[in-house]
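Source file: entry_6.txt; contents: compact mmCIF, C-alpha atoms and all ligand atoms.
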# COMPACT_ATOMS: atom_id res chain seq x y z
CA MET O 1 0.00 0.00 0.00
CA SER O 2 1.39 3.35 -0.91
CA VAL O 3 1.72 6.16 1.59
CA TYR O 4 -0.57 8.13 -0.70
CA ARG O 5 -3.57 6.20 0.67
CA LEU O 6 -2.87 8.03 3.92
CA ILE O 7 -1.86 11.45 2.66
CA GLY O 8 -4.30 11.63 -0.29
CA PRO O 9 -7.31 12.45 1.93
CA LEU O 10 -5.23 15.02 3.82
CA LEU O 11 -4.20 16.68 0.58
CA ARG O 12 -7.80 16.77 -0.60
CA ALA O 13 -8.79 18.54 2.63
CA LEU O 14 -6.57 21.47 1.62
CA PRO O 15 -7.32 24.09 -1.04
CA PRO O 16 -6.32 22.58 -4.41
CA GLU O 17 -3.40 24.89 -5.14
CA THR O 18 -1.98 24.44 -1.64
CA ALA O 19 -2.22 20.67 -2.06
CA HIS O 20 -0.57 20.89 -5.45
CA GLY O 21 2.29 23.00 -4.09
CA LEU O 22 2.90 20.50 -1.28
CA THR O 23 2.81 17.62 -3.75
CA ILE O 24 5.43 19.26 -5.97
CA ALA O 25 7.62 19.96 -2.93
CA ALA O 26 7.32 16.35 -1.73
CA LEU O 27 8.11 14.99 -5.19
CA LYS O 28 11.14 17.30 -5.48
CA ALA O 29 12.32 16.01 -2.11
CA GLY O 30 12.34 12.49 -3.53
CA LEU O 31 9.09 11.20 -2.05
CA ALA O 32 7.90 9.52 -5.24
CA PRO O 33 6.90 5.87 -5.04
CA ARG O 34 8.70 3.74 -7.63
CA ALA O 35 6.21 1.86 -9.78
CA ARG O 36 6.60 -1.68 -10.98
CA GLY O 37 6.97 -1.26 -14.74
CA ALA O 38 4.69 -2.95 -17.23
CA ALA O 39 6.34 -4.85 -20.03
CA GLY O 40 4.84 -5.19 -23.47
CA LEU O 41 3.61 -1.61 -23.77
CA GLU O 42 6.52 -0.09 -25.67
CA ILE O 43 5.74 2.09 -28.66
CA ARG O 44 8.05 3.87 -31.10
CA LEU O 45 6.98 7.24 -32.44
CA TRP O 46 8.95 10.09 -34.08
CA GLY O 47 12.05 7.92 -33.71
CA LEU O 48 11.60 7.89 -29.92
CA ASP O 49 11.14 4.74 -27.88
CA PHE O 50 8.36 5.24 -25.34
CA PRO O 51 8.50 2.58 -22.57
CA ASN O 52 4.71 2.85 -22.34
CA PRO O 53 2.10 5.12 -23.93
CA VAL O 54 0.76 6.74 -20.74
CA GLY O 55 2.06 10.25 -20.10
CA LEU O 56 1.59 13.06 -17.61
CA ALA O 57 -0.43 15.88 -19.21
CA ALA O 58 0.75 19.50 -19.23
CA GLY O 59 -0.09 21.73 -16.27
CA PHE O 60 0.95 19.44 -13.42
CA ASP O 61 4.65 20.25 -13.73
CA LYS O 62 4.44 23.71 -15.27
CA ASP O 63 7.99 24.70 -14.31
CA ALA O 64 9.78 21.42 -15.06
CA LYS O 65 10.62 20.64 -11.45
CA VAL O 66 9.49 17.04 -11.02
CA ALA O 67 9.84 15.24 -14.35
CA ALA O 68 12.21 12.65 -12.88
CA ALA O 69 9.80 11.84 -10.04
CA MET O 70 6.85 11.48 -12.41
CA LEU O 71 8.80 9.13 -14.68
CA LYS O 72 9.69 7.11 -11.59
CA ILE O 73 6.04 6.58 -10.65
CA GLY O 74 5.54 4.90 -14.00
CA PHE O 75 4.62 7.46 -16.62
CA GLY O 76 6.14 6.63 -20.01
CA PHE O 77 6.65 10.33 -20.69
CA VAL O 78 6.07 13.69 -19.07
CA GLU O 79 4.96 16.95 -20.64
CA VAL O 80 6.14 20.03 -18.73
CA GLY O 81 4.70 23.54 -19.11
CA THR O 82 2.91 25.52 -20.28
CA LEU O 83 5.96 27.80 -20.32
CA THR O 84 5.84 31.37 -21.59
CA PRO O 85 8.81 33.56 -22.55
CA ARG O 86 8.50 35.81 -19.47
CA PRO O 87 7.44 34.66 -16.00
CA GLN O 88 3.85 35.53 -15.15
CA ALA O 89 1.64 35.26 -12.07
CA GLY O 90 -1.56 34.06 -13.69
CA ASN O 91 -5.08 34.96 -12.55
CA PRO O 92 -6.08 35.95 -9.00
CA ARG O 93 -6.78 33.12 -6.53
CA PRO O 94 -8.85 31.09 -6.01
CA ARG O 95 -8.49 29.81 -9.55
CA MET O 96 -8.59 26.03 -9.21
CA PHE O 97 -11.62 24.08 -7.96
CA ARG O 98 -12.29 20.42 -7.24
CA LEU O 99 -15.64 18.88 -8.19
CA PRO O 100 -15.29 15.65 -6.21
CA GLY O 101 -18.73 14.22 -6.95
CA ASP O 102 -18.08 14.69 -10.64
CA ARG O 103 -14.45 13.55 -10.46
CA ALA O 104 -13.58 16.79 -12.22
CA VAL O 105 -11.54 19.96 -11.78
CA ILE O 106 -12.14 23.49 -13.09
CA ASN O 107 -9.11 25.75 -13.43
CA ARG O 108 -8.53 29.29 -14.61
CA LEU O 109 -4.85 29.48 -13.65
CA GLY O 110 -3.90 31.49 -16.73
CA PHE O 111 -0.38 30.16 -17.43
CA ASN O 112 1.16 30.91 -14.05
CA ASN O 113 4.80 29.92 -14.58
CA GLY O 114 8.34 30.95 -13.84
CA GLY O 115 9.21 31.62 -17.47
CA MET O 116 11.26 29.82 -20.09
CA ALA O 117 14.73 30.77 -18.86
CA ALA O 118 14.43 29.20 -15.41
CA ALA O 119 12.79 26.10 -16.89
CA ALA O 120 15.48 25.82 -19.58
CA ARG O 121 18.18 25.78 -16.90
CA ARG O 122 16.31 23.11 -14.93
CA LEU O 123 15.75 21.00 -18.03
CA ALA O 124 19.38 21.24 -19.09
CA ALA O 125 20.45 19.97 -15.65
CA PHE O 126 17.83 17.20 -15.84
CA ARG O 127 19.14 16.19 -19.28
CA ARG O 128 22.68 15.71 -17.97
CA ASP O 129 21.39 12.95 -15.66
CA HIS O 130 18.60 11.62 -17.91
CA PRO O 131 19.68 11.99 -21.53
CA ALA O 132 17.12 9.52 -22.87
CA ALA O 133 14.12 10.48 -20.72
CA LEU O 134 11.02 11.38 -22.69
CA VAL O 135 10.03 14.89 -21.68
CA GLY O 136 7.93 17.06 -23.95
CA VAL O 137 7.82 20.83 -23.47
CA ASN O 138 4.54 22.72 -23.84
CA ILE O 139 4.87 26.37 -24.85
CA GLY O 140 2.49 29.33 -24.85
CA LYS O 141 2.35 33.10 -25.10
CA ASN O 142 2.43 35.69 -22.36
CA ARG O 143 -0.97 37.17 -21.63
CA ASP O 144 0.13 40.74 -22.44
CA SER O 145 2.19 39.87 -25.51
CA ALA O 146 1.25 41.68 -28.71
CA ASP O 147 2.94 39.17 -31.03
CA ALA O 148 1.85 35.61 -30.34
CA ALA O 149 3.99 34.00 -33.05
CA ALA O 150 7.10 35.75 -31.69
CA ASP O 151 6.40 34.34 -28.22
CA TYR O 152 6.08 30.77 -29.48
CA ALA O 153 9.26 31.17 -31.52
CA ALA O 154 11.18 32.58 -28.55
CA ALA O 155 10.02 29.78 -26.23
CA ALA O 156 10.81 27.14 -28.84
CA ARG O 157 14.29 28.55 -29.44
CA ARG O 158 15.08 28.52 -25.74
CA LEU O 159 13.59 25.12 -24.89
CA ALA O 160 13.93 22.90 -27.97
CA SER O 161 17.35 21.47 -27.15
CA SER O 162 16.04 19.81 -23.97
CA ALA O 163 12.68 18.71 -25.41
CA SER O 164 11.76 15.25 -26.72
CA TYR O 165 8.94 17.09 -28.47
CA LEU O 166 7.48 20.60 -28.41
CA THR O 167 3.77 21.28 -27.93
CA ILE O 168 2.30 24.48 -29.32
CA ASN O 169 -0.54 25.16 -26.91
CA VAL O 170 -3.26 27.16 -28.66
CA SER O 171 -6.14 25.76 -26.65
CA SER O 172 -6.07 26.91 -23.03
CA PRO O 173 -9.27 28.79 -22.24
CA ASN O 174 -7.67 31.11 -19.68
CA THR O 175 -5.56 33.37 -21.90
CA PRO O 176 -7.77 35.79 -23.83
CA GLY O 177 -7.59 35.23 -27.60
CA LEU O 178 -5.40 32.14 -27.38
CA ARG O 179 -7.90 29.72 -28.89
CA ALA O 180 -8.32 31.96 -31.95
CA LEU O 181 -4.76 30.88 -32.83
CA GLN O 182 -6.22 27.51 -33.87
CA GLY O 183 -7.30 29.12 -37.14
CA ARG O 184 -5.42 27.97 -40.21
CA ASP O 185 -3.52 31.18 -40.99
CA GLU O 186 -2.62 31.91 -37.38
CA LEU O 187 -1.42 28.35 -36.87
CA ALA O 188 0.65 28.42 -40.06
CA ARG O 189 2.36 31.61 -38.92
CA ILE O 190 3.16 30.11 -35.51
CA VAL O 191 4.39 26.77 -36.86
CA ASP O 192 6.57 28.50 -39.49
CA GLY O 193 8.03 30.79 -36.85
CA VAL O 194 8.79 27.90 -34.51
CA ARG O 195 10.41 25.91 -37.31
CA GLN O 196 12.59 28.84 -38.32
CA ALA O 197 13.56 29.44 -34.71
CA ILE O 198 14.73 25.90 -34.05
CA GLY O 199 16.20 24.97 -37.40
CA GLY O 200 16.77 21.61 -39.00
CA THR O 201 17.53 19.07 -36.29
CA ALA O 202 14.44 19.99 -34.34
CA PRO O 203 12.29 17.88 -32.07
CA PRO O 204 8.82 16.94 -33.36
CA ILE O 205 6.27 19.76 -33.20
CA LEU O 206 2.80 18.99 -31.86
CA VAL O 207 -0.27 21.18 -31.56
CA LYS O 208 -2.69 20.90 -28.64
CA ILE O 209 -6.29 21.64 -29.55
CA ALA O 210 -9.50 22.42 -27.68
CA PRO O 211 -12.49 20.11 -27.34
CA ASP O 212 -14.82 23.01 -28.07
CA LEU O 213 -14.18 23.44 -31.81
CA THR O 214 -17.06 23.76 -34.25
CA GLU O 215 -17.46 21.27 -37.06
CA SER O 216 -15.88 23.62 -39.61
CA ASP O 217 -13.01 24.43 -37.19
CA ARG O 218 -12.33 20.72 -36.89
CA ALA O 219 -12.23 20.14 -40.63
CA ASP O 220 -9.96 23.19 -41.10
CA LEU O 221 -7.61 22.02 -38.36
CA ALA O 222 -7.32 18.54 -39.81
CA ALA O 223 -6.53 20.02 -43.23
CA ALA O 224 -4.00 22.42 -41.68
CA ALA O 225 -2.31 19.61 -39.73
CA LEU O 226 -1.77 17.68 -42.96
CA GLU O 227 -0.76 20.71 -45.02
CA LEU O 228 1.71 22.01 -42.43
CA ALA O 229 3.00 18.46 -41.81
CA ILE O 230 2.51 18.87 -38.08
CA ASP O 231 4.09 15.92 -36.27
CA GLY O 232 1.15 15.29 -33.96
CA LEU O 233 -2.04 16.62 -32.39
CA ILE O 234 -2.84 16.53 -28.69
CA ILE O 235 -6.60 16.11 -28.23
CA GLY O 236 -7.31 17.89 -26.15
CA ASN O 237 -7.29 20.62 -23.59
CA THR O 238 -9.91 21.45 -20.93
CA THR O 239 -13.44 22.41 -22.05
CA ILE O 240 -15.30 25.65 -21.49
CA SER O 241 -18.54 23.68 -21.89
CA ARG O 242 -20.37 22.24 -18.89
CA PRO O 243 -21.68 18.80 -19.87
CA THR O 244 -25.10 17.98 -18.42
CA GLY O 245 -25.01 15.86 -15.31
CA LEU O 246 -22.46 17.88 -13.33
CA THR O 247 -23.64 17.99 -9.73
CA ASP O 248 -21.01 19.98 -7.83
CA PRO O 249 -21.86 23.65 -7.17
CA ALA O 250 -18.34 24.58 -8.35
CA ARG O 251 -19.53 23.75 -11.89
CA ASP O 252 -20.49 27.42 -12.20
CA GLN O 253 -16.89 28.59 -11.76
CA ALA O 254 -15.34 30.10 -14.88
CA GLY O 255 -12.47 28.18 -16.44
CA GLY O 256 -11.60 24.92 -18.15
CA LEU O 257 -13.20 21.67 -17.00
CA SER O 258 -11.15 18.47 -16.87
CA GLY O 259 -11.62 14.95 -15.55
CA ARG O 260 -14.32 12.34 -16.00
CA PRO O 261 -16.95 14.58 -17.67
CA LEU O 262 -14.42 15.26 -20.45
CA MET O 263 -13.79 11.60 -21.35
CA ALA O 264 -16.62 11.06 -23.84
CA MET O 265 -16.35 14.38 -25.67
CA SER O 266 -12.57 14.34 -25.96
CA THR O 267 -12.57 10.74 -27.20
CA ALA O 268 -15.24 11.56 -29.79
CA LEU O 269 -13.10 14.47 -31.04
CA LEU O 270 -10.04 12.21 -31.13
CA ALA O 271 -11.89 9.64 -33.25
CA GLU O 272 -13.15 12.34 -35.58
CA MET O 273 -9.69 13.85 -36.07
CA TYR O 274 -8.25 10.39 -36.71
CA GLY O 275 -10.83 9.97 -39.46
CA LEU O 276 -10.32 13.46 -40.90
CA THR O 277 -6.54 13.00 -41.07
CA GLY O 278 -6.79 9.44 -42.39
CA GLY O 279 -4.71 8.19 -39.49
CA ARG O 280 -1.67 9.97 -40.98
CA VAL O 281 -1.06 12.33 -38.06
CA PRO O 282 -0.05 10.73 -34.74
CA LEU O 283 -2.51 11.68 -32.00
CA ILE O 284 -2.15 11.97 -28.23
CA GLY O 285 -5.47 11.33 -26.49
CA VAL O 286 -6.10 13.25 -23.26
CA GLY O 287 -9.22 14.10 -21.30
CA GLY O 288 -10.90 12.18 -18.51
CA ILE O 289 -8.67 9.11 -18.36
CA ALA O 290 -9.14 7.51 -14.94
CA GLY O 291 -8.30 3.89 -15.65
CA GLY O 292 -6.84 1.41 -18.12
CA ASP O 293 -10.14 1.00 -19.93
CA ASP O 294 -10.28 4.73 -20.65
CA ALA O 295 -6.70 4.69 -21.95
CA TYR O 296 -7.51 1.68 -24.11
CA ALA O 297 -10.65 3.37 -25.50
CA LYS O 298 -8.55 6.35 -26.62
CA ILE O 299 -5.97 4.09 -28.27
CA ARG O 300 -8.68 2.20 -30.16
CA ALA O 301 -10.19 5.55 -31.17
CA GLY O 302 -6.86 6.57 -32.72
CA ALA O 303 -4.40 7.68 -30.04
CA SER O 304 -0.80 6.47 -30.28
CA LEU O 305 -0.11 7.94 -26.83
CA VAL O 306 -2.38 9.13 -24.01
CA GLN O 307 -2.00 11.57 -21.12
CA LEU O 308 -3.81 12.37 -17.90
CA TYR O 309 -3.80 14.84 -15.04
CA THR O 310 -7.09 15.20 -13.13
CA ALA O 311 -7.50 11.56 -12.10
CA LEU O 312 -4.20 11.84 -10.22
CA VAL O 313 -5.86 14.41 -7.94
CA TYR O 314 -8.45 11.83 -6.86
CA ASP O 315 -6.59 8.53 -7.14
CA GLY O 316 -2.96 9.36 -6.44
CA PRO O 317 0.17 7.97 -8.06
CA ASP O 318 -0.78 4.27 -7.75
CA LEU O 319 -3.23 4.89 -10.57
CA VAL O 320 -0.42 4.85 -13.14
CA ALA O 321 0.61 1.24 -12.49
CA ASP O 322 -3.07 0.21 -12.43
CA ILE O 323 -3.63 1.78 -15.84
CA LEU O 324 -0.58 0.05 -17.29
CA SER O 325 -1.58 -3.41 -16.08
CA THR O 326 -5.20 -3.05 -17.21
CA LEU O 327 -4.06 -1.76 -20.59
CA ARG O 328 -1.72 -4.70 -21.11
CA ALA O 329 -4.54 -7.10 -20.17
CA ARG O 330 -7.01 -5.51 -22.63
CA LEU O 331 -4.48 -5.71 -25.47
CA THR O 332 -3.91 -9.40 -24.80
CA GLU O 333 -7.65 -10.14 -24.54
CA ASP O 334 -8.21 -8.55 -27.94
CA GLY O 335 -5.24 -10.29 -29.52
CA PHE O 336 -2.97 -7.26 -29.98
CA ALA O 337 0.74 -7.98 -29.56
CA THR O 338 1.66 -4.30 -29.30
CA VAL O 339 0.06 -0.95 -28.52
CA ALA O 340 0.70 0.11 -32.11
CA ASP O 341 -1.47 -2.75 -33.37
CA ALA O 342 -4.45 -1.39 -31.42
CA VAL O 343 -4.12 2.26 -32.50
CA GLY O 344 -7.27 3.18 -34.42
CA ALA O 345 -8.69 -0.36 -34.18
CA ASP O 346 -12.23 1.05 -33.90
CA HIS O 347 -11.93 2.46 -37.41
CA ARG O 348 -11.16 -0.86 -39.08
C1 LIG I 1 -4.93 22.44 -12.93
C2 LIG I 1 -4.71 22.20 -14.39
C3 LIG I 1 -3.76 22.96 -15.07
C4 LIG I 1 -3.54 22.75 -16.43
N1 LIG I 1 -2.58 23.49 -17.08
C5 LIG I 1 -2.33 23.24 -18.38
C6 LIG I 1 -1.30 23.94 -19.07
O1 LIG I 1 -0.57 24.76 -18.49
N2 LIG I 1 -1.12 23.68 -20.40
C7 LIG I 1 -1.87 22.77 -21.08
O2 LIG I 1 -1.65 22.55 -22.28
N3 LIG I 1 -2.85 22.07 -20.44
C8 LIG I 1 -3.08 22.29 -19.12
N4 LIG I 1 -4.07 21.57 -18.49
C9 LIG I 1 -4.89 20.62 -19.28
C10 LIG I 1 -4.38 19.18 -19.17
O3 LIG I 1 -3.10 19.05 -19.72
C11 LIG I 1 -5.35 18.23 -19.90
O4 LIG I 1 -5.36 18.56 -21.27
C12 LIG I 1 -6.77 18.30 -19.36
O5 LIG I 1 -6.78 18.49 -17.97
C13 LIG I 1 -7.57 17.03 -19.68
O6 LIG I 1 -6.98 15.88 -19.08
P1 LIG I 1 -7.50 15.26 -17.68
O7 LIG I 1 -8.99 15.14 -17.78
O8 LIG I 1 -6.81 13.95 -17.55
O9 LIG I 1 -7.09 16.23 -16.63
C14 LIG I 1 -4.30 21.77 -17.12
C15 LIG I 1 -5.24 21.02 -16.43
C16 LIG I 1 -5.46 21.21 -15.08
C17 LIG I 1 -6.48 20.37 -14.37
Could you render the structure from this file as structure tokens?
Amino acid sequence: MSVYRLIGPLLRALPPETAHGLTIAALKAGLAPRARGAAGLEIRLWGLDFPNPVGLAAGFDKDAKVAAAMLKIGFGFVEVGTLTPRPQAGNPRPRMFRLPGDRAVINRLGFNNGGMAAAARRLAAFRRDHPAALVGVNIGKNRDSADAAADYAAAARRLASSASYLTINVSSPNTPGLRALQGRDELARIVDGVRQAIGGTAPPILVKIAPDLTESDRADLAAAALELAIDGLIIGNTTISRPTGLTDPARDQAGGLSGRPLMAMSTALLAEMYGLTGGRVPLIGVGGIAGGDDAYAKIRAGASLVQLYTALVYDGPDLVADILSTLRARLTEDGFATVADAVGADHR
């Protein structure tokens, strides 16, 4: 039994950001349980060998402080960030809310982070000890920046050398105007700028999209992803919608909703984007994963990798090993030798 069974309820008795701060401090101090690994879940993508397809979603480790600890608890990869060029404080508190009955969280943090320079130094030190670790870096723009494309280019230039992949985040709901950057022309300008900034031997470039796109937005994005030869799409971010059935009074808080209520809608979007891109763009499925069956559903719907965040708040770090063993069992039951064999199986 992990110590988290004892401290989890204590953490959940604290305000969410206080609990998160304590968790990061404990992880930095080395208090991460080491997970038993799960064999038979390896997948190769973009020339990288992922030990398993289950990653930590962006936002948990915004400042790249605890990637090593999160890999140790069993994640196959970790995405740090969102990082902006300059440090920024984010929105006034409170700005993060648990919805325990709904197994959900609403946040309107607004890219609170210590800026790219501090993170780049931390990541460079991390890389000296862990050259092969799979750590993606999620980048965004400062709230008060007038030139979005210049911000993404600056962050990419500073962070690319330590990144297994770069994620262009154009889908957080808490930076005014950010989601408008999902339009074809805006995205092309950003992707071109990032590519110019990092040059030839660059890490793969992914784009993280919102679950709240209209039908025509979705078709445009799929076309843009193919045209711009984007290396992957992350589907997706938190939703500004409030699915029916939410019971917690905090559902009326402004911000992006994550967790269980996001599972169905984000998986439907994933499946649709897989279809629209003909399975030619690798997809990372994220939104509402709370168990191995959820992870498996996203893989069958078209995800080559998956990520999660909110379920960790409710279930603690033991969840990762549970997901890996359930996932391996489901693959075997359905006769798939590898994760790759199951990717997009629902479409065949
Ligand atoms: C508190 C919190 C902060 C987040 N911060 C970021 C962020 O900085 N950048 C980003 O791309 N996504 C961020 N996300 C979104 C997650 O990466 C993920 O896309 C979303 O929560 C859906 O996954 P989940 O249901 O497993 O949490 C954040 C989510 C939460 C709950």
**Request:** Name the closest residue to Ile198 of chain O among the candidates O:Tyr296, O:Tyr274, O:Phe336, O:Tyr152; distances are taken between atoms, counting only C-alpha atoms.
**Result:**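 Result for the nearest residue to Ile198 of chain O: O:Tyr152.
Residue nearest Asp185 of chain O within the list O:Ala224, O:Ala163, O:Leu305, O:Leu206: O:Ala224 [criterion: smallest interatomic distance, all atoms listed in the file].
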**Prompt:** Within 7 Å of ligand LIG 1 (chain I), counting all atoms listed in the file: which residues, as number ranges by chain?
**Reply:** O: 57-60, 62, 81-82, 96, 105-107, 109, 111, 138, 169, 172, 208, 236-238, 258-260, 262-263, 286-289, 307-311
Draw an axis-aligned box tight on the listed atoms of segment 246-257 of chain O, then pad every side by 6 Å and write out centre and edge lengths in Å to one decimal as lines of an AutoDock Vina configuration file.
center_x = -17.6
center_y = 24.0
center_z = -12.7
size_x = 24.0
size_y = 24.2
size_z = 23.0
**Request:** Go through O:Ala222, O:Ala32, O:Leu319, O:Ala340 and flag the residue nearest Met273 of chain O, using all atoms listed in the file for the distances.
**Result:**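 Comparing O:Ala222, O:Ala32, O:Leu319, O:Ala340 against Met273 of chain O, the winner is O:Ala222.
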**Request:** Counting all atoms listed in the file, select every polymer residue within 10 Å of (9.3, 28.3, -29.2) as defined in the file's coordinates, and provide the selection as number ranges by chain.
**Result:** O: 83-85, 116, 137-141, 149-160, 166-168, 190-191, 193-198, 205
**Fill in**
Between O:Leu14, O:Tyr165, O:Asn174, O:Ala321, smallest distance to Ala290 of chain O by all atoms listed in the file belongs to O:Ala321
**Complete:** The residue from O:Ala133, O:Ile240, O:Ala297, O:Leu327 with the smallest atom-to-atom distance to Lys72 of chain O, counting all atoms listed in the file, is O:Ala133
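Each of O:Pro87, O:Gly40, O:Gly275, O:Pro53 was compared to Gly292 of chain O using all atoms listed in the file, and O:Pro53 turns out to be the nearest.
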Could you please give me, as a compact mmCIF listing (two decimals) with C-alpha atoms, in the coordinates of the input, the residues of protein, DNA or RNA lying at most 6 Å from (-11.6, 14.7, -27.9) in the coordinate frame of the file, considering only C-alpha atoms?
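Result file follows (part_27.txt):
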# COMPACT_ATOMS: atom_id res chain seq x y z
CA PRO O 211 -12.49 20.11 -27.34
CA ILE O 235 -6.60 16.11 -28.23
CA GLY O 236 -7.31 17.89 -26.15
CA MET O 265 -16.35 14.38 -25.67
CA SER O 266 -12.57 14.34 -25.96
CA THR O 267 -12.57 10.74 -27.20
CA ALA O 268 -15.24 11.56 -29.79
CA LEU O 269 -13.10 14.47 -31.04
CA LEU O 270 -10.04 12.21 -31.13
**Request:** Measure the distance from atom CA of Ala25 of chain O to atom CA of Tyr4 of chain O in Å and round it to one decimal.
**Result:**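 Atom CA of Ala25 of chain O sits 14.6 Å away from atom CA of Tyr4 of chain O.
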Pick out the residues sitting within 10 Å of segment 176-180 of chain O, and hand them over as a PDB file with C-alpha atoms, in the frame of the given file; count only C-alpha atoms, and ignore anything fewer than 5 positions along from it in its own chain.
ATOM      1  CA  GLY O 110      -3.900  31.490 -16.730  1.00  0.00           C
ATOM      2  CA  GLY O 140       2.490  29.330 -24.850  1.00  0.00           C
ATOM      3  CA  LYS O 141       2.350  33.100 -25.100  1.00  0.00           C
ATOM      4  CA  ASN O 142       2.430  35.690 -22.360  1.00  0.00           C
ATOM      5  CA  ARG O 143      -0.970  37.170 -21.630  1.00  0.00           C
ATOM      6  CA  ASP O 144       0.130  40.740 -22.440  1.00  0.00           C
ATOM      7  CA  ALA O 148       1.850  35.610 -30.340  1.00  0.00           C
ATOM      8  CA  ASN O 169      -0.540  25.160 -26.910  1.00  0.00           C
ATOM      9  CA  VAL O 170      -3.260  27.160 -28.660  1.00  0.00           C
ATOM     10  CA  SER O 171      -6.140  25.760 -26.650  1.00  0.00           C
ATOM     11  CA  GLU O 186      -2.620  31.910 -37.380  1.00  0.00           C
ATOM     12  CA  LEU O 187      -1.420  28.350 -36.870  1.00  0.00           C
ATOM     13  CA  ILE O 209      -6.290  21.640 -29.550  1.00  0.00           C
ATOM     14  CA  ALA O 210      -9.500  22.420 -27.680  1.00  0.00           C
ATOM     15  CA  ASP O 212     -14.820  23.010 -28.070  1.00  0.00           C
ATOM     16  CA  LEU O 213     -14.180  23.440 -31.810  1.00  0.00           C
TER      17      LEU O 213
END
**Asked** Separation of atom CA of Val320 of chain O and atom CA of Gly74 of chain O, in Å?
**Response**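 Atom CA of Gly74 of chain O lies 6.0 Å from atom CA of Val320 of chain O.
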